[in-house]
file upload_33.pdb (PDB, C-alpha atoms, pLDDT in the B column)
ATOM      1  CA  MET A   1     -60.786  11.758 -37.239  1.00 89.00           C
ATOM      2  CA  ARG A   2     -59.677   8.738 -39.215  1.00 88.00           C
ATOM      3  CA  ASP A   3     -57.038   6.182 -38.389  1.00 94.00           C
ATOM      4  CA  THR A   4     -55.282   4.005 -40.902  1.00 94.00           C
ATOM      5  CA  ILE A   5     -54.728   0.322 -40.277  1.00 94.00           C
ATOM      6  CA  THR A   6     -52.867  -2.231 -42.312  1.00 95.00           C
ATOM      7  CA  ILE A   7     -54.021  -5.806 -42.703  1.00 95.00           C
ATOM      8  CA  SER A   8     -52.579  -8.792 -44.473  1.00 97.00           C
ATOM      9  CA  LEU A   9     -54.716 -11.107 -46.570  1.00 97.00           C
ATOM     10  CA  PRO A  10     -54.058 -14.429 -48.227  1.00 98.00           C
ATOM     11  CA  ALA A  11     -53.735 -14.032 -52.001  1.00 98.00           C
ATOM     12  CA  ASP A  12     -57.053 -15.769 -52.723  1.00 98.00           C
ATOM     13  CA  LEU A  13     -58.964 -13.498 -50.343  1.00 97.00           C
ATOM     14  CA  LYS A  14     -57.368 -10.380 -51.854  1.00 97.00           C
ATOM     15  CA  LYS A  15     -58.319 -11.640 -55.312  1.00 98.00           C
ATOM     16  CA  ASP A  16     -61.943 -12.100 -54.200  1.00 98.00           C
ATOM     17  CA  LEU A  17     -61.932  -8.669 -52.561  1.00 97.00           C
ATOM     18  CA  ASP A  18     -60.617  -7.012 -55.703  1.00 98.00           C
ATOM     19  CA  ALA A  19     -63.223  -8.778 -57.828  1.00 98.00           C
ATOM     20  CA  VAL A  20     -66.042  -7.553 -55.601  1.00 97.00           C
ATOM     21  CA  VAL A  21     -64.855  -3.958 -55.450  1.00 98.00           C
ATOM     22  CA  GLU A  22     -64.561  -3.965 -59.246  1.00 98.00           C
ATOM     23  CA  GLU A  23     -68.101  -5.341 -59.620  1.00 98.00           C
ATOM     24  CA  GLU A  24     -69.559  -2.970 -57.022  1.00 97.00           C
ATOM     25  CA  GLY A  25     -67.627   0.086 -58.191  1.00 98.00           C
ATOM     26  CA  ILE A  26     -66.393   0.910 -54.687  1.00 98.00           C
ATOM     27  CA  THR A  27     -63.002   1.101 -53.029  1.00 97.00           C
ATOM     28  CA  ARG A  28     -61.451  -1.612 -50.902  1.00 96.00           C
ATOM     29  CA  SER A  29     -61.694   0.713 -47.924  1.00 96.00           C
ATOM     30  CA  ASP A  30     -65.417   1.288 -48.500  1.00 96.00           C
ATOM     31  CA  LEU A  31     -66.082  -2.435 -48.738  1.00 97.00           C
ATOM     32  CA  VAL A  32     -64.022  -3.266 -45.653  1.00 96.00           C
ATOM     33  CA  ARG A  33     -65.612  -0.420 -43.657  1.00 96.00           C
ATOM     34  CA  SER A  34     -69.106  -1.553 -44.630  1.00 97.00           C
ATOM     35  CA  SER A  35     -68.339  -5.198 -43.909  1.00 97.00           C
ATOM     36  CA  LEU A  36     -66.818  -4.370 -40.543  1.00 97.00           C
ATOM     37  CA  ARG A  37     -69.799  -2.190 -39.634  1.00 98.00           C
ATOM     38  CA  ASP A  38     -72.158  -5.043 -40.554  1.00 98.00           C
ATOM     39  CA  PHE A  39     -70.105  -7.558 -38.560  1.00 98.00           C
ATOM     40  CA  LEU A  40     -70.025  -5.352 -35.462  1.00 98.00           C
ATOM     41  CA  THR A  41     -73.781  -4.687 -35.678  1.00 98.00           C
ATOM     42  CA  VAL A  42     -74.578  -8.395 -35.956  1.00 98.00           C
ATOM     43  CA  ARG A  43     -72.176  -9.157 -33.105  1.00 98.00           C
ATOM     44  CA  LYS A  44     -73.883  -6.600 -30.829  1.00 98.00           C
ATOM     45  CA  TYR A  45     -77.268  -8.106 -31.702  1.00 97.00           C
ATOM     46  CA  ARG A  46     -76.067 -11.651 -30.952  1.00 97.00           C
ATOM     47  CA  LEU A  47     -74.571 -10.633 -27.597  1.00 97.00           C
ATOM     48  CA  LEU A  48     -77.750  -8.783 -26.629  1.00 97.00           C
ATOM     49  CA  ARG A  49     -79.862 -11.758 -27.699  1.00 94.00           C
ATOM     50  CA  GLN A  50     -77.732 -14.138 -25.604  1.00 94.00           C
ATOM     51  CA  ARG A  51     -78.272 -12.015 -22.505  1.00 94.00           C
ATOM     52  CA  LEU A  52     -81.996 -11.626 -23.118  1.00 93.00           C
ATOM     53  CA  VAL A  53     -82.532 -15.314 -23.862  1.00 92.00           C
ATOM     54  CA  ALA A  54     -80.832 -16.227 -20.590  1.00 91.00           C
ATOM     55  CA  LYS A  55     -83.089 -13.814 -18.669  1.00 93.00           C
ATOM     56  CA  ALA A  56     -86.189 -15.075 -20.465  1.00 91.00           C
ATOM     57  CA  ARG A  57     -85.340 -18.724 -19.751  1.00 92.00           C
ATOM     58  CA  ALA A  58     -84.834 -17.906 -16.085  1.00 92.00           C
ATOM     59  CA  LYS A  59     -88.441 -16.662 -16.096  1.00 91.00           C
ATOM     60  CA  GLY A  60     -89.731 -19.719 -17.946  1.00 91.00           C
ATOM     61  CA  ILE A  61     -90.083 -17.996 -21.301  1.00 92.00           C
ATOM     62  CA  ILE A  62     -88.814 -20.515 -23.837  1.00 91.00           C
ATOM     63  CA  THR A  63     -91.048 -20.503 -26.906  1.00 91.00           C
ATOM     64  CA  ASP A  64     -92.867 -17.925 -29.011  1.00 89.00           C
ATOM     65  CA  ALA A  65     -96.067 -19.167 -27.410  1.00 93.00           C
ATOM     66  CA  ASP A  66     -94.623 -18.274 -23.990  1.00 90.00           C
ATOM     67  CA  VAL A  67     -93.916 -14.754 -25.220  1.00 87.00           C
ATOM     68  CA  PHE A  68     -97.384 -14.303 -26.696  1.00 89.00           C
ATOM     69  CA  GLU A  69     -98.975 -15.653 -23.515  1.00 90.00           C
ATOM     70  CA  ARG A  70     -97.095 -13.081 -21.435  1.00 89.00           C
ATOM     71  CA  ILE A  71     -97.967 -10.114 -23.643  1.00 90.00           C
ATOM     72  CA  SER A  72    -101.601 -11.029 -24.320  1.00 88.00           C
TER      73      SER A  72
END

call {"tool": "encode", "arguments": {"input": "upload_33.pdb", "output": "C-alpha cells"}}
result
Amino acid sequence: MRDTITISLPADLKKDLDAVVEEEGITRSDLVRSSLRDFLTVRKYRLLRQRLVAKARAKGIITDADVFERIS
C-alpha cells in the first residue's frame, strides 16, 4: 500500500531536484524515495554505532588495536 505525502521546497532546492531527475532520467518520487531510504539506512547505522561504541568504551575497547587484541 502506498501513501502520498506533500512537501514544500524552497525554489532553489526544487530547481536542483528537477535538474537531477532530468540528468538521471528518473521521477522526483523515485529520487526522493531513494534519498529517504539512504538517509534512514545511514541513520540506523549511526544510532547502532553510537550504542555499540558506548558499550565498547565501557569495556575499555577504544582503538582498532583494542579490537584486534580482543579477537586475536

call {"tool": "residues_around", "arguments": {"input": "upload_33.pdb", "residues": "region 10-21 of chain A", "least_positions_apart": "6", "cutoff": "8 Å", "atoms": "all atoms listed in the file", "output": "ChimeraX atom specification"}}
result
/A:27-28,31

call {"tool": "residues_near_point", "arguments": {"input": "upload_33.pdb", "point": "(-84.5, -22.5, -21.6)", "cutoff": "7 Å", "atoms": "only C-alpha atoms", "output": "list in words"}}
result
Arg57, Gly60 and Ile62 of chain A

call {"tool": "write_last_selection", "arguments": {"input": "upload_33.pdb", "atoms": "C-alpha atoms", "output": "PDB file, in the frame of the given file"}}
result
ATOM      1  CA  ARG A  57     -85.340 -18.724 -19.751  1.00 92.00           C
ATOM      2  CA  GLY A  60     -89.731 -19.719 -17.946  1.00 91.00           C
ATOM      3  CA  ILE A  62     -88.814 -20.515 -23.837  1.00 91.00           C
TER       4      ILE A  62
END

call {"tool": "atom_distance", "arguments": {"input": "upload_33.pdb", "atom1": "CA of Ile7 (chain A)", "atom2": "CA of Ser29 (chain A)"}}
result
11.3 Å

call {"tool": "axis_aligned_box", "arguments": {"input": "upload_33.pdb", "around": "region 37-49 of chain A", "padding_each_side": "4 Å", "output": "AutoDock Vina command-line options"}}
result
--center_x -74.8 --center_y -7.0 --center_z -33.6 --size_x 18.1 --size_y 17.6 --size_z 21.9

call {"tool": "atom_distance", "arguments": {"input": "upload_33.pdb", "atom1": "CA of Thr6 (chain A)", "atom2": "CA of Arg33 (chain A)"}}
result
12.9 Å

call {"tool": "atom_distance", "arguments": {"input": "upload_33.pdb", "atom1": "CA of Glu23 (chain A)", "atom2": "CA of Ser35 (chain A)"}}
result
15.7 Å

call {"tool": "decode", "arguments": {"input": "upload_33.pdb", "residues": "region 29-40 of chain A", "atoms": "N, CA and C atoms", "output": "compact mmCIF listing (two decimals), in the first residue's frame"}}
result
# COMPACT_ATOMS: atom_id res chain seq x y z
N SER A 29 9.62 11.44 -7.49
CA SER A 29 9.26 10.47 -6.46
C SER A 29 10.34 9.41 -6.29
N ASP A 30 10.87 8.89 -7.41
CA ASP A 30 11.92 7.88 -7.32
C ASP A 30 13.15 8.43 -6.61
N LEU A 31 13.54 9.65 -6.96
CA LEU A 31 14.71 10.25 -6.34
C LEU A 31 14.49 10.48 -4.85
N VAL A 32 13.33 11.01 -4.49
CA VAL A 32 13.05 11.28 -3.08
C VAL A 32 12.96 9.98 -2.30
N ARG A 33 12.30 8.96 -2.87
CA ARG A 33 12.22 7.66 -2.19
C ARG A 33 13.61 7.09 -1.95
N SER A 34 14.45 7.10 -2.97
CA SER A 34 15.80 6.57 -2.86
C SER A 34 16.62 7.36 -1.84
N SER A 35 16.52 8.67 -1.89
CA SER A 35 17.25 9.51 -0.95
C SER A 35 16.79 9.28 0.48
N LEU A 36 15.50 9.16 0.67
CA LEU A 36 14.96 8.92 2.01
C LEU A 36 15.39 7.56 2.52
N ARG A 37 15.35 6.54 1.66
CA ARG A 37 15.82 5.21 2.04
C ARG A 37 17.28 5.26 2.49
N ASP A 38 18.11 5.94 1.69
CA ASP A 38 19.53 6.08 2.03
C ASP A 38 19.71 6.79 3.37
N PHE A 39 18.99 7.88 3.57
CA PHE A 39 19.08 8.64 4.82
C PHE A 39 18.71 7.76 6.01
N LEU A 40 17.59 7.04 5.90
CA LEU A 40 17.13 6.22 7.01
C LEU A 40 18.10 5.07 7.31
